[in-house]
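K.L.:
You'll find target-v1.cif just under this line, and it carries mmCIF, C-alpha atoms.
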data_run
loop_
_atom_site.label_atom_id
_atom_site.label_comp_id
_atom_site.auth_asym_id
_atom_site.auth_seq_id
_atom_site.Cartn_x
_atom_site.Cartn_y
_atom_site.Cartn_z
CA GLN A 1047 -2.49 10.01 53.17
CA GLY A 1048 -6.00 9.03 54.26
CA GLN A 1049 -8.55 11.04 56.20
CA GLY A 1050 -7.67 14.53 57.39
CA GLN A 1051 -7.99 18.20 56.67
CA ALA A 1052 -5.94 21.08 55.29
CA VAL A 1053 -6.60 24.55 56.64
CA TRP A 1054 -5.73 27.65 54.64
CA THR A 1055 -5.39 30.97 56.48
CA LEU A 1056 -5.52 34.12 54.37
CA ARG A 1057 -2.70 36.57 55.06
CA ALA A 1058 -4.80 39.68 54.42
CA SER A 1059 -7.73 38.28 56.37
CA PRO A 1060 -6.47 35.85 59.04
CA GLN A 1061 -9.92 35.46 60.58
CA ASN A 1062 -11.10 33.82 57.34
CA ARG A 1063 -10.02 30.26 56.76
CA VAL A 1064 -10.54 27.71 54.00
CA VAL A 1065 -10.75 24.07 55.03
CA TRP A 1066 -10.29 21.04 52.80
CA LYS A 1067 -11.63 18.14 54.82
CA GLY A 1068 -11.90 14.54 53.72
CA SER A 1069 -9.61 12.04 52.00
CA PHE A 1070 -6.06 12.72 50.80
CA SER A 1071 -3.83 10.72 48.44
CA SER A 1072 -0.10 11.48 48.41
CA GLY A 1073 -0.90 14.92 49.81
CA VAL A 1074 -3.56 15.63 47.16
CA TYR A 1075 -7.10 16.37 48.36
CA LEU A 1076 -9.76 14.09 46.87
CA PRO A 1077 -12.86 16.27 46.46
CA SER A 1078 -15.29 13.43 45.77
CA PRO A 1079 -15.62 9.64 46.16
CA GLY A 1080 -14.71 7.33 43.31
CA ILE A 1081 -11.13 8.57 42.83
CA VAL A 1082 -8.64 5.71 43.07
CA ALA A 1083 -5.54 7.81 43.79
CA ALA A 1084 -3.88 11.14 43.02
CA ARG A 1085 -0.43 12.64 42.68
CA GLU A 1086 1.29 15.89 41.91
CA TRP A 1087 2.10 16.47 38.24
CA SER A 1088 4.58 18.86 36.65
CA GLY A 1089 4.16 17.93 33.01
CA PRO A 1090 3.28 20.34 30.18
CA GLY A 1091 1.40 23.30 31.52
CA GLY A 1092 1.83 21.86 34.97
CA ASP A 1093 3.29 23.44 38.08
CA SER A 1094 3.15 22.75 41.78
CA ASP A 1095 -0.63 23.33 41.71
CA THR A 1096 -1.32 20.69 39.02
CA VAL A 1097 -2.28 17.14 39.92
CA LEU A 1098 -3.40 13.90 38.28
CA PHE A 1099 -6.45 12.03 39.53
CA ASP A 1100 -6.48 8.28 38.84
CA MET A 1101 -10.11 7.50 37.98
CA GLY A 1102 -9.58 3.77 37.46
CA ALA A 1103 -9.92 1.42 34.50
CA LEU A 1104 -11.88 2.20 31.37
CA PRO A 1105 -14.26 -0.42 29.96
CA ALA A 1106 -12.60 -2.94 27.67
CA GLN A 1107 -13.22 -2.12 23.99
CA ASN A 1108 -14.01 -5.14 21.80
CA GLY A 1109 -11.39 -7.36 23.37
CA ILE A 1110 -8.84 -4.55 23.72
CA PRO A 1111 -7.19 -4.63 27.18
CA ALA A 1112 -8.58 -1.98 29.51
CA ALA A 1113 -6.66 1.26 29.80
CA ARG A 1114 -6.92 3.72 32.68
CA LEU A 1115 -8.15 7.27 32.98
CA GLU A 1116 -6.12 10.01 34.64
CA VAL A 1117 -7.54 13.52 34.91
CA GLN A 1118 -5.25 16.55 34.92
CA ALA A 1119 -6.55 19.42 37.04
CA ALA A 1120 -5.14 22.44 38.86
CA SER A 1121 -5.93 24.49 41.95
CA ASP A 1122 -6.86 28.16 41.80
CA LEU A 1123 -5.80 30.14 44.86
CA THR A 1124 -7.62 28.39 47.70
CA ASN A 1125 -9.82 26.32 45.41
CA TYR A 1126 -8.70 22.70 45.36
CA PRO A 1127 -7.97 20.82 42.13
CA ASP A 1128 -11.13 19.13 40.94
CA PRO A 1129 -11.35 16.36 38.29
CA CYS A 1130 -14.71 17.84 37.32
CA LYS A 1131 -12.84 20.97 36.20
CA PRO A 1132 -10.24 19.18 34.06
CA ARG A 1133 -7.48 20.68 32.03
CA ALA A 1134 -7.05 17.42 30.11
CA LEU A 1135 -7.83 13.72 30.28
CA TRP A 1136 -5.09 11.12 29.86
CA VAL A 1137 -5.71 7.55 28.77
CA VAL A 1138 -2.71 5.64 30.12
CA ASN A 1139 -1.65 2.10 29.25
CA ALA A 1140 -3.44 2.49 25.91
CA PRO A 1141 -2.69 -0.51 23.66
CA ALA A 1142 -0.66 0.99 20.81
CA VAL A 1143 -1.35 -1.96 18.47
CA ALA A 1144 -5.10 -1.50 18.81
CA MET A 1145 -4.92 2.30 18.61
CA VAL A 1146 -3.70 2.19 15.00
CA ASN A 1147 -7.34 1.55 14.15
CA ASP A 1148 -9.16 4.89 14.10
CA THR A 1149 -12.43 3.30 15.18
CA ALA A 1150 -10.79 1.76 18.24
CA ALA A 1151 -8.96 5.01 19.01
CA HIS A 1152 -12.20 7.01 18.80
CA ALA A 1153 -13.90 4.53 21.11
CA MET A 1154 -11.05 4.71 23.65
CA LEU A 1155 -10.96 8.51 23.73
CA THR A 1156 -14.75 8.71 23.95
CA ALA A 1157 -14.80 6.15 26.78
CA ALA A 1158 -12.52 8.44 28.79
CA ALA A 1159 -14.92 11.38 28.41
CA ASP A 1160 -17.89 9.13 29.20
CA LYS A 1161 -16.25 7.96 32.42
CA LEU A 1162 -15.65 11.56 33.48
CA LYS A 1163 -19.27 12.48 32.67
CA ALA A 1164 -20.51 9.55 34.73
CA HIS A 1165 -18.40 10.70 37.67
CA CYS A 1166 -19.13 14.43 37.49
CA GLY A 1167 -22.62 14.67 36.03
CA ALA A 1168 -23.98 18.21 35.73
CA LYS A 1169 -20.95 19.65 37.51
CA LEU A 1170 -19.12 19.65 34.17
CA ASN A 1171 -21.58 22.28 32.90
CA GLU A 1172 -21.19 24.80 35.71
CA PRO A 1173 -21.37 28.35 34.26
CA ASP A 1174 -18.05 29.50 35.75
CA ARG A 1175 -16.18 27.35 33.26
CA PRO A 1176 -15.23 28.63 29.75
CA SER A 1177 -17.81 27.73 27.12
CA HIS A 1178 -15.57 25.34 25.15
CA ASP A 1179 -14.54 23.57 28.38
CA ARG A 1180 -18.23 22.89 29.00
CA THR A 1181 -18.73 21.32 25.57
CA HIS A 1182 -15.40 19.54 24.91
CA VAL A 1183 -12.47 18.10 26.81
CA GLN A 1184 -9.00 17.33 25.50
CA VAL A 1185 -8.25 13.60 25.70
CA ARG A 1186 -4.75 12.26 25.01
CA ALA A 1187 -3.60 8.63 25.02
CA VAL A 1188 -0.18 7.23 25.89
CA ALA A 1189 1.02 3.64 25.87
CA THR A 1190 2.97 3.82 29.15
CA PRO A 1191 1.35 2.34 32.31
CA ASP A 1192 1.61 5.76 33.99
CA LEU A 1193 1.89 9.25 32.66
CA LYS A 1194 5.54 10.25 32.65
CA ALA A 1195 7.39 13.33 31.47
CA ASP A 1196 10.90 13.82 30.15
CA ARG A 1197 13.30 16.34 31.63
CA TRP A 1198 11.65 19.11 29.59
CA GLY A 1199 8.21 18.28 30.98
CA ASN A 1200 6.89 16.63 27.81
CA PRO A 1201 4.82 13.46 28.27
CA GLY A 1202 5.26 10.87 25.74
CA PRO A 1203 4.79 9.73 23.34
CA VAL A 1204 1.15 10.69 22.73
CA ILE A 1205 -0.27 8.11 20.33
CA ALA A 1206 -3.72 9.65 19.80
CA GLU A 1207 -5.59 12.76 20.90
CA ALA A 1208 -8.75 14.75 20.27
CA TYR A 1209 -11.22 17.16 21.79
CA VAL A 1210 -14.11 14.90 22.76
CA PRO A 1211 -17.64 16.29 23.22
CA LEU A 1212 -19.15 16.45 26.70
CA VAL A 1213 -22.62 17.24 25.39
CA ALA A 1214 -25.00 15.04 23.43
CA GLY A 1215 -24.74 15.41 19.67
CA GLY A 1216 -21.27 16.97 19.76
CA ALA A 1217 -18.54 15.91 17.36
CA ILE A 1218 -14.93 14.99 18.01
CA GLU A 1219 -12.62 17.85 17.04
CA ARG A 1220 -8.92 18.12 16.15
CA TYR A 1221 -8.41 14.37 16.11
CA THR A 1222 -4.90 13.03 15.39
CA ASN A 1223 -3.61 9.48 15.60
CA GLN A 1224 0.16 9.17 15.69
CA ALA A 1225 -0.03 5.39 16.00
CA ALA A 1226 -2.05 5.10 12.79
CA GLN A 1227 0.18 7.60 11.00
CA GLN A 1228 3.31 5.71 12.04
CA GLN A 1229 1.88 2.41 10.86
CA GLY A 1230 0.81 4.06 7.59
CA GLU A 1231 4.34 5.39 7.09
CA GLN A 1232 5.81 1.94 7.77
CA GLN A 1233 3.41 0.34 5.30
CA LYS A 1234 4.22 3.03 2.74
CA GLN A 1235 7.95 2.42 3.19
CA ALA A 1236 7.43 -1.33 2.71
CA GLN A 1237 5.32 -0.74 -0.40
CA ASP A 1238 7.89 1.72 -1.69
CA GLN A 1239 10.66 -0.84 -1.22
CA ASP A 1240 8.59 -3.50 -3.01
CA GLN A 1241 8.00 -1.07 -5.89
CA ARG A 1242 11.71 -0.30 -6.15
CA GLN A 1243 12.57 -4.00 -6.30
CA THR A 1244 9.85 -4.62 -8.91
CA ASN A 1245 11.18 -1.74 -11.01
CA MET A 1246 14.70 -3.12 -10.71
CA ARG A 1247 13.62 -6.52 -12.08
CA ARG A 1248 11.61 -4.91 -14.88
CA LEU A 1249 14.44 -2.58 -15.85
CA ARG A 1250 16.92 -5.45 -15.80
CA ALA A 1251 14.68 -7.35 -18.24
CA PHE A 1252 14.59 -4.25 -20.48
CA PHE A 1253 18.40 -4.11 -20.50
CA ASN A 1254 18.66 -7.83 -21.28
CA THR A 1255 16.07 -7.68 -24.07
CA TYR A 1256 18.04 -5.07 -26.00
CA GLN A 1257 21.50 -6.14 -24.79
CA ALA A 1258 22.20 -2.68 -23.44
CA GLN A 1259 25.68 -2.15 -22.03
CA GLY A 1260 24.89 0.53 -19.49
CA TRP A 1261 22.94 3.61 -18.47
CA ALA A 1262 23.63 7.09 -19.88
CA SER A 1263 21.76 10.31 -19.29
CA LEU A 1264 20.70 12.27 -22.35
CA ASP A 1265 22.76 15.25 -21.13
CA ASP A 1266 25.92 13.11 -20.98
CA ILE A 1267 25.28 11.74 -24.45
CA ALA A 1268 24.69 15.23 -25.86
CA GLU A 1269 27.87 16.54 -24.25
CA ASN A 1270 30.12 13.74 -25.53
CA PRO A 1271 28.50 11.00 -27.64
CA PHE A 1272 31.91 9.55 -28.53
CA ARG A 1273 32.25 8.03 -25.05
CA TYR A 1274 29.39 5.71 -26.04
CA SER A 1275 30.07 5.46 -29.77
CA GLY A 1276 28.80 2.16 -31.22
CA ARG A 1277 27.40 0.98 -27.89
CA VAL A 1278 23.77 0.32 -26.94
CA VAL A 1279 22.80 2.29 -23.83
CA VAL A 1280 19.56 2.95 -21.98
CA THR A 1281 18.42 6.52 -21.41
CA ALA A 1282 15.22 8.44 -20.65
CA ALA A 1283 13.98 11.36 -22.71
CA GLN A 1284 10.97 13.12 -24.13
CA VAL A 1285 10.22 14.01 -27.74
CA ASP A 1286 10.79 17.67 -28.46
CA ALA A 1287 9.63 17.46 -32.06
CA VAL A 1288 8.93 14.72 -34.62
CA VAL A 1289 10.75 15.72 -37.80
CA ASN A 1290 9.41 12.89 -39.97
CA PRO A 1291 7.97 9.39 -39.37
CA THR A 1292 11.43 7.99 -38.60
CA ARG A 1293 13.24 10.94 -37.02
CA ALA A 1294 12.65 12.96 -33.83
CA LEU A 1295 14.44 15.57 -31.82
CA LEU A 1296 14.76 14.45 -28.18
CA ASP A 1297 15.02 16.61 -25.09
CA SER A 1298 15.87 15.90 -21.45
CA LEU A 1299 13.06 14.93 -19.09
CA PRO A 1300 11.17 17.63 -17.20
CA ASP A 1301 12.86 18.76 -13.99
CA ASP A 1302 16.24 17.36 -15.06
CA TRP A 1303 19.14 19.72 -14.53
CA GLY A 1304 19.95 20.10 -18.19
CA SER A 1305 18.08 20.58 -21.44
CA SER A 1306 19.93 18.81 -24.23
CA ASN A 1307 18.79 17.97 -27.75
CA VAL A 1308 19.83 14.89 -29.67
CA VAL A 1309 18.57 13.32 -32.90
CA LEU A 1310 16.91 9.90 -32.77
CA ASP A 1311 16.30 7.80 -35.88
CA GLY A 1312 14.14 4.67 -36.01
CA ASP A 1313 10.99 3.05 -37.29
CA GLY A 1314 7.66 3.91 -35.67
CA ILE A 1315 8.73 7.17 -34.06
CA GLY A 1316 5.96 9.01 -35.87
CA GLN A 1317 3.34 6.87 -34.08
CA TRP A 1318 4.51 7.62 -30.55
CA LYS A 1319 2.09 9.26 -28.16
CA PRO A 1320 3.27 12.35 -26.28
CA GLY A 1321 5.14 11.82 -23.03
CA PRO A 1322 8.47 10.60 -21.63
CA ARG A 1323 9.99 7.33 -22.73
CA LEU A 1324 12.63 4.85 -21.69
CA LEU A 1325 14.89 4.19 -24.67
CA ALA A 1326 17.52 1.65 -25.68
CA VAL A 1327 19.64 3.41 -28.31
CA ARG A 1328 22.83 2.88 -30.23
CA VAL A 1329 25.03 5.97 -30.08
CA LEU A 1330 26.36 6.85 -33.54
CA GLY A 1331 28.32 10.02 -32.77
CA ARG A 1332 27.46 13.49 -34.13
CA ILE A 1333 25.77 14.52 -37.33
CA GLN A 1334 28.58 15.72 -39.58
CA ILE A 1335 27.80 18.25 -42.29
CA LYS A 1336 29.72 20.98 -44.00
CA LYS A 1337 30.40 23.91 -41.70
CA SER A 1338 28.99 26.28 -44.27
CA ASP A 1339 25.63 24.48 -44.13
CA CYS A 1340 25.21 24.61 -40.32
CA ASP A 1341 23.18 27.80 -40.34
CA ALA A 1342 20.56 26.15 -42.52
CA ASP A 1343 20.45 22.77 -40.76
CA PRO A 1344 18.97 22.61 -37.21
CA PHE A 1345 20.66 19.24 -36.60
CA CYS A 1346 24.17 20.45 -37.25
CA GLY A 1347 26.55 18.90 -34.72
CA LEU A 1348 23.86 17.20 -32.63
CA ALA A 1349 24.46 13.76 -31.14
CA GLN A 1350 22.86 11.05 -33.27
CA LEU A 1351 21.13 7.96 -31.89
CA GLN A 1352 19.65 4.87 -33.54
CA LEU A 1353 16.54 3.43 -31.88
CA VAL A 1354 16.91 -0.14 -30.60
CA GLY A 1355 13.94 -0.40 -28.20
CA SER A 1356 11.41 1.84 -26.47
CA GLN A 1357 8.95 1.82 -23.60
CA ALA A 1358 6.48 4.61 -22.78
CA CYS A 1359 6.52 5.91 -19.19
CA THR A 1360 3.40 6.76 -17.22
CA GLU A 1361 5.18 9.17 -14.87
CA SER A 1362 6.63 12.50 -15.99
CA ARG A 1363 10.18 11.49 -15.03
CA CYS A 1364 9.78 7.76 -15.75
CA THR A 1365 9.66 7.08 -12.02
CA ASP A 1366 7.50 4.07 -12.81
CA TRP A 1367 10.67 2.60 -14.36
CA LEU A 1368 13.52 4.43 -12.65
CA HIS A 1369 12.31 4.41 -9.03
CA LEU A 1370 15.10 2.10 -7.87
CA PRO A 1371 16.83 1.17 -4.58
CA LYS A 1372 19.85 3.06 -5.91
CA PRO A 1373 19.64 5.39 -8.95
CA LEU A 1374 21.67 4.24 -11.93
CA LYS A 1375 24.87 6.13 -12.61
CA ASP A 1376 26.72 6.55 -15.87
CA GLY A 1377 27.65 3.15 -17.33
CA GLN A 1378 25.82 1.10 -14.71
CA THR A 1379 23.38 -1.73 -15.36
CA PRO A 1380 20.58 -2.67 -12.91
#
What does the file become when written as structure tokens?
P.N.:
Amino acid sequence: QGQGQAVWTLRASPQNRVVWKGSFSSGVYLPSPGIVAAREWSGPGGDSDTVLFDMGALPAQNGIPAARLEVQAASDLTNYPDPCKPRALWVVNAPAVAMVNDTAAHAMLTAAADKLKAHCGAKLNEPDRPSHDRTHVQVRAVATPDLKADRWGNPGPVIAEAYVPLVAGGAIERYTNQAAQQQGEQQKQAQDQDQRQTNMRRLRAFFNTYQAQGWASLDDIAENPFRYSGRVVVTAAQVDAVVNPTRALLDSLPDDWGSSNVVLDGDGIGQWKPGPRLLAVRVLGRIQIKKSDCDADPFCGLAQLQLVGSQACTESRCTDWLHLPKPLKDGQTP
């Protein structure tokens, strides 16, 4: 710690020595002034030759508390780690609340690259570095005060990252913002829950309007209409074919497990627009005709329903009505 020197003697050429002379921080050589501190790092891609250089605080961004810049670098044989030959930049103590805003996140990541450019100058463009490393640098932000790794060597959690340009006119590449994505998911979940509760109230009003006694799937009705005989139930279906202005053949909704036909009678059916519908129906049983006439009658033995009320759906499976906290089961009311 402090001023000193490290001397490297080459085994194959003991007369040749490499000397690192100057300041040291926790055993790490500081190759240039302006570095606050340094430490060994064994995070992702790190080994005993990888270190972190603490470059100090970043400028505050529009009232956002200042984060800090740490530069990950590695030695190469007898060449010392150098922050001007970075493997990655780390913004530590990044304010997660502010980073949910993409504009603020972009500014924070760019400020890290700008601070490195101010420290290194033209050294970042030395020709011995790979071409992409001379034009972009990976910058990752974490909310913790210091960069830490779990037992598998993974730092975390990274809340935003990108490849930030080191040259004028360059564009940010491969930008991701976990903080913004997480907030978006939370907002979506809240909106989804609000929608479910709204649908529940609307569906309850539909049941009350037509005094429906419970829910029944079209497949259950088709299989055994006598379970619901004489009762008003709510179901969802689509029109398979309109037989006449007051009669239609119904089918199960798309993507439902079954495909069951029932006959629906009621005024106004002939004026319905195509698409799925929520229906309040009275179950009458099955159409009874002479057995000898079944071959000539397509409705022979089908469950028969009487229309009580109807509401068109805007979604293919009536999810605008049936997207509920808990899906209705047979016989349930919302």
K.L.:
To one decimal place in Å, what is the distance between CA of Asp1266 (chain A) and CA of Pro1291 (chain A)?
P.N.:
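We find that CA of Asp1266 (chain A) and CA of Pro1291 (chain A) lie 26.0 Å from each other.
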K.L.:
Between A:Leu1368, A:Val1183, A:Ala1052, A:Val1280, which residue has the minimum interatomic distance to Asn1171 (chain A), considering only C-alpha atoms?
P.N.:
A:Val1183
K.L.:
I need the output of the PyMOL selection byres ((chain A and resi 1212) around 7) for this file as a PDB file with C-alpha atoms, in the frame of the given file; which residues are they?
P.N.:
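Listing of result.pdb after writing:
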ATOM      1  CA  ALA A1159     -14.920  11.380  28.410  1.00  0.00           C
ATOM      2  CA  ARG A1180     -18.230  22.890  29.000  1.00  0.00           C
ATOM      3  CA  THR A1181     -18.730  21.320  25.570  1.00  0.00           C
ATOM      4  CA  HIS A1182     -15.400  19.540  24.910  1.00  0.00           C
ATOM      5  CA  VAL A1183     -12.470  18.100  26.810  1.00  0.00           C
ATOM      6  CA  VAL A1210     -14.110  14.900  22.760  1.00  0.00           C
ATOM      7  CA  PRO A1211     -17.640  16.290  23.220  1.00  0.00           C
ATOM      8  CA  VAL A1213     -22.620  17.240  25.390  1.00  0.00           C
ATOM      9  CA  ALA A1214     -25.000  15.040  23.430  1.00  0.00           C
TER      10      ALA A1214
END
K.L.:
Determine, counting all atoms listed in the file, which protein, DNA and RNA residues have an atom within 7 Å of an atom of region 1127-1141 of chain A; residues of the same chain fewer than 3 positions away are not included. Present the result as a list in words.
P.N.:
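Everything that qualifies: Pro1077, Phe1099, Ala1113, Arg1114, Leu1115, Glu1116, Val1117, Gln1118, Ala1119, Ala1120, Ser1121, Ala1144, Met1145, Ala1158, Cys1166, Lys1169, Leu1170, Val1183, Gln1184, Val1185, Arg1186, Ala1187, Val1188, Ala1189, Thr1190, Pro1191, Asp1192 and Leu1193 of chain A.
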K.L.:
So the first atom is CA of Arg1197 (chain A) and the second is CA of Ala1112 (chain A); what is the distance between them in Å, to one decimal place?
P.N.:
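Separation of CA of Arg1197 (chain A) and CA of Ala1112 (chain A): 28.6 Å.
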K.L.:
What does the distance from CA of Thr1292 (chain A) to CA of Asp1313 (chain A) come to in Å, to one decimal?
P.N.:
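Distance between the two atoms: 5.1 Å.
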K.L.:
Would you pick out the contacts of Val1082 (chain A) at 10 Å or less, using all atoms listed in the file, so that residues sharing its chain but fewer than 4 positions from it are not included, and give the list as an MDAnalysis selection string?
P.N.:
chainID A and resid 1071 1076 1099:1103 1116
K.L.:
Measuring atom to atom with only C-alpha atoms, identify which of A:Phe1345, A:Asp1376, A:Gln1239, A:Val1074 is nearest to Val1279 (chain A).
P.N.:
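With only C-alpha atoms as the atom set, the closest residue is A:Asp1376.
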K.L.:
Residues picked by the PyMOL selection byres ((chain A and resi 1323) around 6) here, as a list in words?
P.N.:
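Those residues are Ala1282, Ala1283, Pro1322, Leu1324, Gln1357, Ala1358 and Cys1359 of chain A.
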K.L.:
From the options A:Cys1364, A:Ala1236, A:Ala1262, A:Leu1155, which residue's atoms come nearest to Glu1207 (chain A), counting only C-alpha atoms?
P.N.:
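Nearest candidate to Glu1207 (chain A) out of A:Cys1364, A:Ala1236, A:Ala1262, A:Leu1155: A:Leu1155.
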K.L.:
Would you mind telling me which residue in A:Ser1072, A:Gln1227, A:Ser1088, A:Gln1051 lies nearest to Pro1201 (chain A) when using only C-alpha atoms?
P.N.:
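Going through A:Ser1072, A:Gln1227, A:Ser1088, A:Gln1051 one by one, the smallest distance to Pro1201 (chain A) is for A:Ser1088.
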K.L.:
With the file shown as input, list the residues that the PyMOL selection byres ((chain A and resi 1229) around 12) selects, as a ChimeraX atom specification.
P.N.:
/A:1142-1148,1205,1223-1228,1230-1236
K.L.:
Could the residues in this selection be saved with C-alpha atoms as a short mmCIF file (atom, residue, chain, number, x, y, z; two decimals), in the coordinates of the input?
P.N.:
data_model
loop_
_atom_site.label_atom_id
_atom_site.label_comp_id
_atom_site.auth_asym_id
_atom_site.auth_seq_id
_atom_site.Cartn_x
_atom_site.Cartn_y
_atom_site.Cartn_z
CA ALA A 1142 -0.66 0.99 20.81
CA VAL A 1143 -1.35 -1.96 18.47
CA ALA A 1144 -5.10 -1.50 18.81
CA MET A 1145 -4.92 2.30 18.61
CA VAL A 1146 -3.70 2.19 15.00
CA ASN A 1147 -7.34 1.55 14.15
CA ASP A 1148 -9.16 4.89 14.10
CA ILE A 1205 -0.27 8.11 20.33
CA ASN A 1223 -3.61 9.48 15.60
CA GLN A 1224 0.16 9.17 15.69
CA ALA A 1225 -0.03 5.39 16.00
CA ALA A 1226 -2.05 5.10 12.79
CA GLN A 1227 0.18 7.60 11.00
CA GLN A 1228 3.31 5.71 12.04
CA GLY A 1230 0.81 4.06 7.59
CA GLU A 1231 4.34 5.39 7.09
CA GLN A 1232 5.81 1.94 7.77
CA GLN A 1233 3.41 0.34 5.30
CA LYS A 1234 4.22 3.03 2.74
CA GLN A 1235 7.95 2.42 3.19
CA ALA A 1236 7.43 -1.33 2.71
#
K.L.:
Which residues, written as a PyMOL selection string, have at least one atom at most 9 Å from Gly1316 (chain A), with only C-alpha atoms counted and residues fewer than 4 positions away on the same chain left out?
P.N.:
chain A and resi 1288-1294
K.L.:
Can those selected residues be exported to a file as a JSON list (two decimals), in the frame of the given file so that it contains C-alpha atoms?
P.N.:
[["chain", "number", "residue", "atom", "x", "y", "z"],
["A", 1288, "VAL", "CA", 8.93, 14.72, -34.62],
["A", 1289, "VAL", "CA", 10.75, 15.72, -37.80],
["A", 1290, "ASN", "CA", 9.41, 12.89, -39.97],
["A", 1291, "PRO", "CA", 7.97, 9.39, -39.37],
["A", 1292, "THR", "CA", 11.43, 7.99, -38.60],
["A", 1293, "ARG", "CA", 13.24, 10.94, -37.02],
["A", 1294, "ALA", "CA", 12.65, 12.96, -33.83]]
K.L.:
For Lys1067 (chain A), which of A:Thr1149, A:Leu1325, A:Tyr1126, A:Arg1250 is the closest residue, counting only C-alpha atoms?
P.N.:
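With only C-alpha atoms as the atom set, the closest residue is A:Tyr1126.
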K.L.:
Would you mind telling me which residue in A:Ala1326, A:Ala1058, A:Ala1258, A:Leu1348 lies nearest to Asn1307 (chain A) when using all atoms listed in the file?
P.N.:
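Looking only at the distances to Asn1307 (chain A), the closest residue turns out to be A:Leu1348.
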